[in-house]
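What follows is the content of my_file.txt, which has compact mmCIF, C-alpha atoms and all ligand atoms:
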```
# COMPACT_ATOMS: atom_id res chain seq x y z
CA MET A 1 -7.53 22.84 7.50
CA GLN A 2 -8.12 19.09 7.41
CA SER A 3 -5.11 16.92 8.26
CA LEU A 4 -3.94 14.24 5.84
CA GLN A 5 -5.30 11.60 8.23
CA GLU A 6 -8.71 13.28 8.26
CA LYS A 7 -8.79 13.46 4.48
CA ALA A 8 -7.72 9.81 4.30
CA SER A 9 -10.60 8.82 6.58
CA GLU A 10 -13.15 10.89 4.70
CA TRP A 11 -12.13 9.75 1.22
CA SER A 12 -11.58 6.10 2.11
CA GLY A 13 -14.65 5.78 4.33
CA VAL A 14 -12.42 4.01 6.89
CA ASP A 15 -11.95 5.70 10.26
CA SER A 16 -8.55 5.75 11.93
CA ALA A 17 -9.52 3.19 14.58
CA ASP A 18 -10.40 0.64 11.88
CA ALA A 19 -7.38 1.52 9.74
CA PHE A 20 -4.97 0.98 12.63
CA ALA A 21 -6.68 -2.10 14.05
CA ILE A 22 -3.71 -3.88 12.43
CA ASP A 23 -1.83 -2.74 15.55
CA ASN A 24 -4.12 -4.71 17.89
CA THR A 25 -2.93 -8.12 16.66
CA ASN A 26 0.46 -9.24 15.42
CA LEU A 27 -0.44 -10.16 11.85
CA PHE A 28 3.14 -11.13 11.04
CA GLN A 29 3.14 -13.75 13.79
CA LYS A 30 -0.28 -14.94 12.74
CA LEU A 31 0.38 -15.21 9.00
CA GLY A 32 4.15 -15.71 8.66
CA LEU A 33 6.69 -14.33 6.19
CA GLN A 34 5.76 -16.60 3.28
CA THR A 35 2.16 -15.36 3.26
CA PHE A 36 3.35 -11.76 2.87
CA ILE A 37 5.70 -12.77 0.05
CA ASN A 38 2.83 -14.62 -1.64
CA LEU A 39 0.47 -11.66 -1.21
CA SER A 40 2.86 -9.11 -2.76
CA THR A 41 3.81 -11.50 -5.57
CA ASN A 42 0.12 -12.08 -6.28
CA PHE A 43 -0.59 -8.32 -6.18
CA TYR A 44 2.23 -7.29 -8.51
CA ASN A 45 1.53 -10.14 -10.95
CA ARG A 46 -1.94 -8.62 -11.30
CA VAL A 47 -0.63 -5.06 -11.62
CA TYR A 48 1.96 -5.90 -14.27
CA ASP A 49 -0.68 -7.92 -16.18
CA ASP A 50 -3.32 -5.17 -16.01
CA GLU A 51 -4.39 -5.04 -19.61
CA GLU A 52 -7.81 -3.51 -18.95
CA GLU A 53 -6.34 -0.35 -17.46
CA GLU A 54 -3.13 0.32 -19.35
CA TRP A 55 -2.73 3.74 -17.68
CA PHE A 56 -2.44 2.02 -14.31
CA ARG A 57 0.12 -0.54 -15.43
CA SER A 58 2.17 2.26 -16.99
CA ILE A 59 2.68 3.88 -13.54
CA PHE A 60 4.97 0.92 -12.76
CA VAL A 61 6.83 0.93 -16.07
CA ASN A 62 10.14 2.08 -14.56
CA SER A 63 10.05 -0.37 -11.65
CA LYS A 64 11.32 -3.93 -11.77
CA LYS A 65 8.63 -6.34 -10.66
CA GLU A 66 10.92 -8.39 -8.40
CA GLU A 67 12.12 -5.26 -6.61
CA ALA A 68 8.62 -3.88 -6.25
CA ILE A 69 7.52 -7.17 -4.69
CA GLN A 70 10.38 -7.12 -2.19
CA ASN A 71 9.83 -3.44 -1.31
CA GLN A 72 6.19 -4.09 -0.65
CA TYR A 73 6.36 -7.28 1.40
CA GLU A 74 9.24 -5.98 3.49
CA PHE A 75 7.20 -2.88 4.30
CA PHE A 76 4.10 -4.94 5.13
CA VAL A 77 6.12 -7.31 7.35
CA GLN A 78 7.63 -4.41 9.26
CA ARG A 79 4.37 -2.50 9.58
CA MET A 80 2.42 -5.55 10.72
CA GLY A 81 4.55 -6.68 13.61
CA GLY A 82 7.54 -8.37 11.99
CA PRO A 83 11.25 -7.49 11.83
CA PRO A 84 12.17 -4.09 10.27
CA LEU A 85 13.28 -5.61 6.97
CA TYR A 86 12.32 -2.58 4.92
CA SER A 87 14.08 0.03 7.06
CA GLN A 88 17.21 -2.09 7.47
CA ARG A 89 17.59 -2.04 3.72
CA LYS A 90 16.12 1.31 2.69
CA GLY A 91 15.63 3.58 5.71
CA HIS A 92 12.42 5.28 6.78
CA PRO A 93 9.45 4.24 4.62
CA ALA A 94 8.33 7.90 4.15
CA LEU A 95 5.59 6.67 1.87
CA ILE A 96 4.35 10.05 0.69
CA GLY A 97 7.83 11.11 -0.34
CA ARG A 98 8.56 7.80 -2.05
CA HIS A 99 5.33 8.03 -4.04
CA ARG A 100 6.12 11.56 -5.12
CA PRO A 101 7.15 10.59 -8.68
CA PHE A 102 3.84 8.83 -9.29
CA PRO A 103 0.33 10.10 -10.08
CA VAL A 104 -1.44 8.88 -6.94
CA THR A 105 -4.95 10.01 -7.87
CA HIS A 106 -8.31 8.84 -6.47
CA GLN A 107 -8.66 6.67 -9.57
CA ALA A 108 -5.19 5.16 -9.10
CA ALA A 109 -5.99 4.41 -5.45
CA GLU A 110 -9.17 2.56 -6.46
CA ARG A 111 -7.29 0.51 -9.05
CA TRP A 112 -4.49 -0.31 -6.57
CA LEU A 113 -7.13 -1.41 -4.06
CA TYR A 114 -8.97 -3.43 -6.70
CA HIS A 115 -5.83 -5.48 -7.35
CA MET A 116 -5.01 -5.76 -3.65
CA GLU A 117 -8.51 -7.04 -2.80
CA LYS A 118 -8.21 -9.68 -5.51
CA ALA A 119 -4.75 -10.61 -4.24
CA LEU A 120 -5.97 -10.87 -0.64
CA ASP A 121 -8.92 -13.01 -1.67
CA SER A 122 -6.78 -15.41 -3.68
CA THR A 123 -3.73 -15.76 -1.41
CA PRO A 124 -4.03 -18.93 0.67
CA ASP A 125 -3.91 -18.87 4.49
CA ILE A 126 -5.22 -15.36 5.15
CA ASP A 127 -8.11 -15.69 7.60
CA GLU A 128 -11.16 -13.45 7.33
CA ASP A 129 -10.36 -11.27 10.34
CA SER A 130 -6.81 -10.52 9.12
CA LYS A 131 -8.17 -9.79 5.67
CA ILE A 132 -10.63 -7.21 6.99
CA LYS A 133 -7.92 -5.52 9.06
CA MET A 134 -5.53 -5.38 6.12
CA LYS A 135 -8.19 -4.12 3.71
CA ASN A 136 -9.03 -1.26 6.07
CA PHE A 137 -5.38 -0.36 6.53
CA PHE A 138 -4.70 -0.47 2.79
CA ARG A 139 -7.77 1.58 1.92
CA HIS A 140 -6.97 4.27 4.46
CA THR A 141 -3.28 4.37 3.47
CA ALA A 142 -4.11 4.55 -0.24
CA PHE A 143 -6.21 7.67 0.33
CA PHE A 144 -3.62 9.06 2.73
CA LEU A 145 -1.23 8.89 -0.23
CA VAL A 146 -3.80 10.59 -2.47
CA ALA A 147 -4.08 13.39 0.10
CA GLY A 148 -0.27 13.65 0.15
CA ASP A 149 -0.17 13.74 -3.63
CA GLU A 150 -2.64 16.62 -3.73
CA LEU A 151 -0.54 18.51 -1.21
CA LYS A 152 2.50 18.04 -3.42
CA ASN A 153 0.57 19.50 -6.33
CA GLN A 154 -0.44 22.49 -4.20
CA ASN A 155 2.85 23.61 -2.73
CA GLY A 156 5.59 21.22 -3.75
CA ARG A 157 6.45 20.42 -0.14
CA VAL A 158 6.08 16.91 1.26
CA PRO A 159 5.92 15.78 4.88
CA CYS A 160 8.21 12.83 5.51
CA LYS A 161 6.46 11.25 8.47
CA HIS A 162 2.98 9.85 8.79
CA GLY A 163 0.88 7.41 10.73
CA ALA A 164 1.09 4.66 8.16
CA SER A 165 4.78 4.04 8.74
CA LYS A 166 6.66 2.87 11.77
C1 LIG B 201 -2.77 4.62 -4.03
C2 LIG B 201 -2.26 4.04 -5.10
C3 LIG B 201 -0.82 3.61 -5.19
C4 LIG B 201 -0.03 3.74 -6.29
C5 LIG B 201 -0.44 4.31 -7.65
C6 LIG B 201 1.28 3.25 -5.93
C7 LIG B 201 2.36 3.20 -6.78
C8 LIG B 201 3.61 2.78 -6.45
C9 LIG B 201 4.72 2.67 -7.35
C10 LIG B 201 4.68 3.01 -8.83
C11 LIG B 201 5.78 2.22 -6.65
C12 LIG B 201 7.20 1.91 -7.16
C13 LIG B 201 7.40 0.41 -7.19
C14 LIG B 201 8.70 0.02 -6.51
O1 LIG B 201 9.74 0.19 -7.15
O2 LIG B 201 8.67 -0.44 -5.37
C15 LIG B 201 5.34 2.04 -5.28
C16 LIG B 201 6.15 1.63 -4.25
C17 LIG B 201 5.71 1.40 -2.98
N1 LIG B 201 4.43 1.47 -2.53
FE1 LIG B 201 2.87 2.18 -3.56
N2 LIG B 201 1.26 2.83 -4.63
C18 LIG B 201 -0.01 3.02 -4.14
C19 LIG B 201 -0.45 2.68 -2.88
C20 LIG B 201 0.32 2.12 -1.89
C21 LIG B 201 -0.17 1.72 -0.59
C22 LIG B 201 -1.64 1.82 -0.16
C23 LIG B 201 0.89 1.26 0.12
C24 LIG B 201 0.97 0.72 1.52
C25 LIG B 201 -0.06 0.24 2.19
C26 LIG B 201 2.06 1.36 -0.75
C27 LIG B 201 3.33 0.99 -0.40
C28 LIG B 201 4.42 1.08 -1.21
C29 LIG B 201 5.78 0.76 -0.80
C30 LIG B 201 6.24 0.30 0.57
C31 LIG B 201 6.59 0.97 -1.91
C32 LIG B 201 8.11 0.84 -2.00
C33 LIG B 201 8.71 2.22 -1.91
C34 LIG B 201 10.20 2.25 -2.17
O3 LIG B 201 10.92 1.50 -1.50
O4 LIG B 201 10.64 3.05 -2.99
N3 LIG B 201 1.67 1.88 -1.95
N4 LIG B 201 4.02 2.37 -5.19
```
Could you write out this structure as structure tokens?
Ligand code: HEM
Amino acid sequence: MQSLQEKASEWSGVDSADAFAIDNTNLFQKLGLQTFINLSTNFYNRVYDDEEEEWFRSIFVNSKKEEAIQNQYEFFVQRMGGPPLYSQRKGHPALIGRHRPFPVTHQAAERWLYHMEKALDSTPDIDEDSKIKMKNFFRHTAFFLVAGDELKNQNGRVPCKHGASK
């Protein structure tokens, strides 16, 4: 049986080496905290304003935008070489488990990535190399979550650890 990582690579078209190239440079040191805050703010402003794809916006209907922004940038900071802000506040990221309430389908992953690409391209001070590394990590992780979601639908059990968290 294919592992979740293998499915993530196949569906995303990003191999593991490219997805985890974020570990070869310290992106937190390079970009700084404010850039991550700006990126997540930019991303969630787009998500909560998504009027073209109402079904996607509705996935976030029970989450407060400010909290979603903080959850996301703290995770990014911690995963990309910064202090463990997310885990200090909330514990292990366990992304598959935490996405369990949501319909993380292939279509949802593409829409998430659509907004994230736009956010990356319009957030100041993210150089091209960092952008490529982050896009690959996000794409692979999005489809890792899709693979986890399908597993949940199959047998109701969810693994709590995975390569996308620290
Ligand atoms: C594939 C499509 C995705 C969908 C539909 C989705 C949806 C959601 C939703 C609805 C939330 C709750 C918002 C909140 O209260 O924080 C959330 C949280 C979160 N997502 Fe995603 N997400 C996706 C992909 C990703 C990816 C690719 C990453 C990481 C690279 C990610 C990281 C997170 C984190 C860290 C949280 C906060 C979890 C928590 O603390 O409860 N998500 N996501």
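Among A:Ala108, A:Asp129, A:Gln34, A:Lys65, the residue with the shortest atom-to-atom distance to Tyr48 (chain A), counting all atoms listed in the file, is A:Lys65.
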Could you report the residues within 8 Å of ligand LIG 201 (chain B), using only C-alpha atoms and all ligand atoms, as a PDB file with C-alpha atoms, keeping the file's coordinate frame?
```pdb
ATOM      1  CA  PHE A  56      -2.440   2.020 -14.310  1.00  0.00           C
ATOM      2  CA  ILE A  59       2.680   3.880 -13.540  1.00  0.00           C
ATOM      3  CA  PHE A  60       4.970   0.920 -12.760  1.00  0.00           C
ATOM      4  CA  VAL A  61       6.830   0.930 -16.070  1.00  0.00           C
ATOM      5  CA  ASN A  62      10.140   2.080 -14.560  1.00  0.00           C
ATOM      6  CA  SER A  63      10.050  -0.370 -11.650  1.00  0.00           C
ATOM      7  CA  LYS A  64      11.320  -3.930 -11.770  1.00  0.00           C
ATOM      8  CA  LYS A  65       8.630  -6.340 -10.660  1.00  0.00           C
ATOM      9  CA  GLU A  67      12.120  -5.260  -6.610  1.00  0.00           C
ATOM     10  CA  ALA A  68       8.620  -3.880  -6.250  1.00  0.00           C
ATOM     11  CA  ILE A  69       7.520  -7.170  -4.690  1.00  0.00           C
ATOM     12  CA  GLN A  70      10.380  -7.120  -2.190  1.00  0.00           C
ATOM     13  CA  ASN A  71       9.830  -3.440  -1.310  1.00  0.00           C
ATOM     14  CA  GLN A  72       6.190  -4.090  -0.650  1.00  0.00           C
ATOM     15  CA  TYR A  73       6.360  -7.280   1.400  1.00  0.00           C
ATOM     16  CA  GLU A  74       9.240  -5.980   3.490  1.00  0.00           C
ATOM     17  CA  PHE A  75       7.200  -2.880   4.300  1.00  0.00           C
ATOM     18  CA  PHE A  76       4.100  -4.940   5.130  1.00  0.00           C
ATOM     19  CA  TYR A  86      12.320  -2.580   4.920  1.00  0.00           C
ATOM     20  CA  LYS A  90      16.120   1.310   2.690  1.00  0.00           C
ATOM     21  CA  PRO A  93       9.450   4.240   4.620  1.00  0.00           C
ATOM     22  CA  LEU A  95       5.590   6.670   1.870  1.00  0.00           C
ATOM     23  CA  ARG A  98       8.560   7.800  -2.050  1.00  0.00           C
ATOM     24  CA  HIS A  99       5.330   8.030  -4.040  1.00  0.00           C
ATOM     25  CA  PRO A 101       7.150  10.590  -8.680  1.00  0.00           C
ATOM     26  CA  PHE A 102       3.840   8.830  -9.290  1.00  0.00           C
ATOM     27  CA  PRO A 103       0.330  10.100 -10.080  1.00  0.00           C
ATOM     28  CA  VAL A 104      -1.440   8.880  -6.940  1.00  0.00           C
ATOM     29  CA  THR A 105      -4.950  10.010  -7.870  1.00  0.00           C
ATOM     30  CA  HIS A 106      -8.310   8.840  -6.470  1.00  0.00           C
ATOM     31  CA  ALA A 108      -5.190   5.160  -9.100  1.00  0.00           C
ATOM     32  CA  ALA A 109      -5.990   4.410  -5.450  1.00  0.00           C
ATOM     33  CA  GLU A 110      -9.170   2.560  -6.460  1.00  0.00           C
ATOM     34  CA  ARG A 111      -7.290   0.510  -9.050  1.00  0.00           C
ATOM     35  CA  TRP A 112      -4.490  -0.310  -6.570  1.00  0.00           C
ATOM     36  CA  LEU A 113      -7.130  -1.410  -4.060  1.00  0.00           C
ATOM     37  CA  PHE A 137      -5.380  -0.360   6.530  1.00  0.00           C
ATOM     38  CA  PHE A 138      -4.700  -0.470   2.790  1.00  0.00           C
ATOM     39  CA  ARG A 139      -7.770   1.580   1.920  1.00  0.00           C
ATOM     40  CA  HIS A 140      -6.970   4.270   4.460  1.00  0.00           C
ATOM     41  CA  THR A 141      -3.280   4.370   3.470  1.00  0.00           C
ATOM     42  CA  ALA A 142      -4.110   4.550  -0.240  1.00  0.00           C
ATOM     43  CA  PHE A 143      -6.210   7.670   0.330  1.00  0.00           C
ATOM     44  CA  LEU A 145      -1.230   8.890  -0.230  1.00  0.00           C
ATOM     45  CA  VAL A 146      -3.800  10.590  -2.470  1.00  0.00           C
ATOM     46  CA  ALA A 164       1.090   4.660   8.160  1.00  0.00           C
TER      47      ALA A 164
END
```
(Q) Report, in Å to a single decimal, how far apart CA of Glu6 (chain A) and CA of His115 (chain A) are. (A) 24.6 Å
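Our summary of the geometry notes that CA of Pro124 (chain A) is positioned 27.1 Å from CA of Gly13 (chain A).
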Is it possible to add N, CA, C and O atoms to region 7-33 of chain A and hand it back as a PDB file, keeping the file's coordinate frame?
```
ATOM      1  N   LYS A   7      -8.411  13.625   5.898  1.00  0.00           N
ATOM      2  CA  LYS A   7      -8.790  13.460   4.480  1.00  0.00           C
ATOM      3  C   LYS A   7      -8.811  11.977   4.114  1.00  0.00           C
ATOM      4  O   LYS A   7      -9.695  11.508   3.407  1.00  0.00           O
ATOM      5  N   ALA A   8      -7.797  11.249   4.597  1.00  0.00           N
ATOM      6  CA  ALA A   8      -7.720   9.810   4.300  1.00  0.00           C
ATOM      7  C   ALA A   8      -8.972   9.104   4.803  1.00  0.00           C
ATOM      8  O   ALA A   8      -9.553   8.271   4.106  1.00  0.00           O
ATOM      9  N   SER A   9      -9.412   9.455   6.019  1.00  0.00           N
ATOM     10  CA  SER A   9     -10.600   8.820   6.580  1.00  0.00           C
ATOM     11  C   SER A   9     -11.845   9.175   5.770  1.00  0.00           C
ATOM     12  O   SER A   9     -12.664   8.311   5.446  1.00  0.00           O
ATOM     13  N   GLU A  10     -11.958  10.457   5.434  1.00  0.00           N
ATOM     14  CA  GLU A  10     -13.150  10.890   4.700  1.00  0.00           C
ATOM     15  C   GLU A  10     -13.212  10.224   3.314  1.00  0.00           C
ATOM     16  O   GLU A  10     -14.231   9.661   2.925  1.00  0.00           O
ATOM     17  N   TRP A  11     -12.116  10.271   2.593  1.00  0.00           N
ATOM     18  CA  TRP A  11     -12.130   9.750   1.220  1.00  0.00           C
ATOM     19  C   TRP A  11     -12.206   8.223   1.166  1.00  0.00           C
ATOM     20  O   TRP A  11     -12.781   7.657   0.242  1.00  0.00           O
ATOM     21  N   SER A  12     -11.586   7.577   2.145  1.00  0.00           N
ATOM     22  CA  SER A  12     -11.580   6.100   2.110  1.00  0.00           C
ATOM     23  C   SER A  12     -12.847   5.518   2.733  1.00  0.00           C
ATOM     24  O   SER A  12     -13.212   4.379   2.463  1.00  0.00           O
ATOM     25  N   GLY A  13     -13.495   6.316   3.597  1.00  0.00           N
ATOM     26  CA  GLY A  13     -14.650   5.780   4.330  1.00  0.00           C
ATOM     27  C   GLY A  13     -14.225   4.862   5.474  1.00  0.00           C
ATOM     28  O   GLY A  13     -15.048   4.152   6.052  1.00  0.00           O
ATOM     29  N   VAL A  14     -12.938   4.863   5.814  1.00  0.00           N
ATOM     30  CA  VAL A  14     -12.420   4.010   6.890  1.00  0.00           C
ATOM     31  C   VAL A  14     -11.912   4.931   8.003  1.00  0.00           C
ATOM     32  O   VAL A  14     -11.022   5.756   7.758  1.00  0.00           O
ATOM     33  N   ASP A  15     -12.461   4.801   9.214  1.00  0.00           N
ATOM     34  CA  ASP A  15     -11.950   5.700  10.260  1.00  0.00           C
ATOM     35  C   ASP A  15     -10.615   5.182  10.793  1.00  0.00           C
ATOM     36  O   ASP A  15     -10.227   4.027  10.559  1.00  0.00           O
ATOM     37  N   SER A  16      -9.923   6.073  11.511  1.00  0.00           N
ATOM     38  CA  SER A  16      -8.550   5.750  11.930  1.00  0.00           C
ATOM     39  C   SER A  16      -8.511   4.502  12.810  1.00  0.00           C
ATOM     40  O   SER A  16      -7.591   3.683  12.696  1.00  0.00           O
ATOM     41  N   ALA A  17      -9.520   4.351  13.676  1.00  0.00           N
ATOM     42  CA  ALA A  17      -9.520   3.190  14.580  1.00  0.00           C
ATOM     43  C   ALA A  17      -9.545   1.887  13.769  1.00  0.00           C
ATOM     44  O   ALA A  17      -8.822   0.928  14.093  1.00  0.00           O
ATOM     45  N   ASP A  18     -10.344   1.845  12.717  1.00  0.00           N
ATOM     46  CA  ASP A  18     -10.400   0.640  11.880  1.00  0.00           C
ATOM     47  C   ASP A  18      -9.120   0.471  11.059  1.00  0.00           C
ATOM     48  O   ASP A  18      -8.614  -0.642  10.888  1.00  0.00           O
ATOM     49  N   ALA A  19      -8.594   1.593  10.559  1.00  0.00           N
ATOM     50  CA  ALA A  19      -7.380   1.520   9.740  1.00  0.00           C
ATOM     51  C   ALA A  19      -6.213   0.971  10.556  1.00  0.00           C
ATOM     52  O   ALA A  19      -5.416   0.175  10.059  1.00  0.00           O
ATOM     53  N   PHE A  20      -6.124   1.383  11.830  1.00  0.00           N
ATOM     54  CA  PHE A  20      -4.970   0.980  12.630  1.00  0.00           C
ATOM     55  C   PHE A  20      -5.282  -0.167  13.590  1.00  0.00           C
ATOM     56  O   PHE A  20      -4.500  -0.448  14.504  1.00  0.00           O
ATOM     57  N   ALA A  21      -6.393  -0.860  13.317  1.00  0.00           N
ATOM     58  CA  ALA A  21      -6.680  -2.100  14.050  1.00  0.00           C
ATOM     59  C   ALA A  21      -5.617  -3.157  13.749  1.00  0.00           C
ATOM     60  O   ALA A  21      -5.477  -4.135  14.494  1.00  0.00           O
ATOM     61  N   ILE A  22      -4.840  -2.956  12.686  1.00  0.00           N
ATOM     62  CA  ILE A  22      -3.710  -3.880  12.430  1.00  0.00           C
ATOM     63  C   ILE A  22      -2.728  -3.872  13.597  1.00  0.00           C
ATOM     64  O   ILE A  22      -1.936  -4.794  13.740  1.00  0.00           O
ATOM     65  N   ASP A  23      -2.768  -2.811  14.413  1.00  0.00           N
ATOM     66  CA  ASP A  23      -1.830  -2.740  15.550  1.00  0.00           C
ATOM     67  C   ASP A  23      -2.341  -3.503  16.778  1.00  0.00           C
ATOM     68  O   ASP A  23      -1.613  -3.630  17.762  1.00  0.00           O
ATOM     69  N   ASN A  24      -3.574  -3.991  16.730  1.00  0.00           N
ATOM     70  CA  ASN A  24      -4.120  -4.710  17.890  1.00  0.00           C
ATOM     71  C   ASN A  24      -3.782  -6.202  17.897  1.00  0.00           C
ATOM     72  O   ASN A  24      -3.980  -6.884  18.897  1.00  0.00           O
ATOM     73  N   THR A  25      -3.344  -6.707  16.749  1.00  0.00           N
ATOM     74  CA  THR A  25      -2.930  -8.120  16.660  1.00  0.00           C
ATOM     75  C   THR A  25      -1.590  -8.127  15.934  1.00  0.00           C
ATOM     76  O   THR A  25      -1.340  -7.236  15.127  1.00  0.00           O
ATOM     77  N   ASN A  26      -0.780  -9.155  16.188  1.00  0.00           N
ATOM     78  CA  ASN A  26       0.460  -9.240  15.420  1.00  0.00           C
ATOM     79  C   ASN A  26       0.202 -10.112  14.182  1.00  0.00           C
ATOM     80  O   ASN A  26       0.229 -11.346  14.249  1.00  0.00           O
ATOM     81  N   LEU A  27      -0.085  -9.421  13.069  1.00  0.00           N
ATOM     82  CA  LEU A  27      -0.440 -10.160  11.850  1.00  0.00           C
ATOM     83  C   LEU A  27       0.756 -10.918  11.276  1.00  0.00           C
ATOM     84  O   LEU A  27       0.586 -11.946  10.634  1.00  0.00           O
ATOM     85  N   PHE A  28       1.952 -10.410  11.523  1.00  0.00           N
ATOM     86  CA  PHE A  28       3.140 -11.130  11.040  1.00  0.00           C
ATOM     87  C   PHE A  28       3.247 -12.491  11.730  1.00  0.00           C
ATOM     88  O   PHE A  28       3.451 -13.516  11.087  1.00  0.00           O
ATOM     89  N   GLN A  29       3.062 -12.473  13.067  1.00  0.00           N
ATOM     90  CA  GLN A  29       3.140 -13.750  13.790  1.00  0.00           C
ATOM     91  C   GLN A  29       2.039 -14.705  13.359  1.00  0.00           C
ATOM     92  O   GLN A  29       2.227 -15.902  13.260  1.00  0.00           O
ATOM     93  N   LYS A  30       0.868 -14.123  13.106  1.00  0.00           N
ATOM     94  CA  LYS A  30      -0.280 -14.940  12.740  1.00  0.00           C
ATOM     95  C   LYS A  30      -0.121 -15.567  11.348  1.00  0.00           C
ATOM     96  O   LYS A  30      -0.437 -16.728  11.141  1.00  0.00           O
ATOM     97  N   LEU A  31       0.388 -14.772  10.407  1.00  0.00           N
ATOM     98  CA  LEU A  31       0.380 -15.210   9.000  1.00  0.00           C
ATOM     99  C   LEU A  31       1.723 -15.749   8.514  1.00  0.00           C
ATOM    100  O   LEU A  31       1.743 -16.608   7.624  1.00  0.00           O
ATOM    101  N   GLY A  32       2.826 -15.231   9.062  1.00  0.00           N
ATOM    102  CA  GLY A  32       4.150 -15.710   8.660  1.00  0.00           C
ATOM    103  C   GLY A  32       4.684 -15.019   7.412  1.00  0.00           C
ATOM    104  O   GLY A  32       3.925 -14.503   6.587  1.00  0.00           O
ATOM    105  N   LEU A  33       6.012 -15.034   7.285  1.00  0.00           N
ATOM    106  CA  LEU A  33       6.690 -14.330   6.190  1.00  0.00           C
ATOM    107  C   LEU A  33       6.214 -14.772   4.806  1.00  0.00           C
ATOM    108  O   LEU A  33       5.949 -13.959   3.928  1.00  0.00           O
TER     109      LEU A  33
END
```
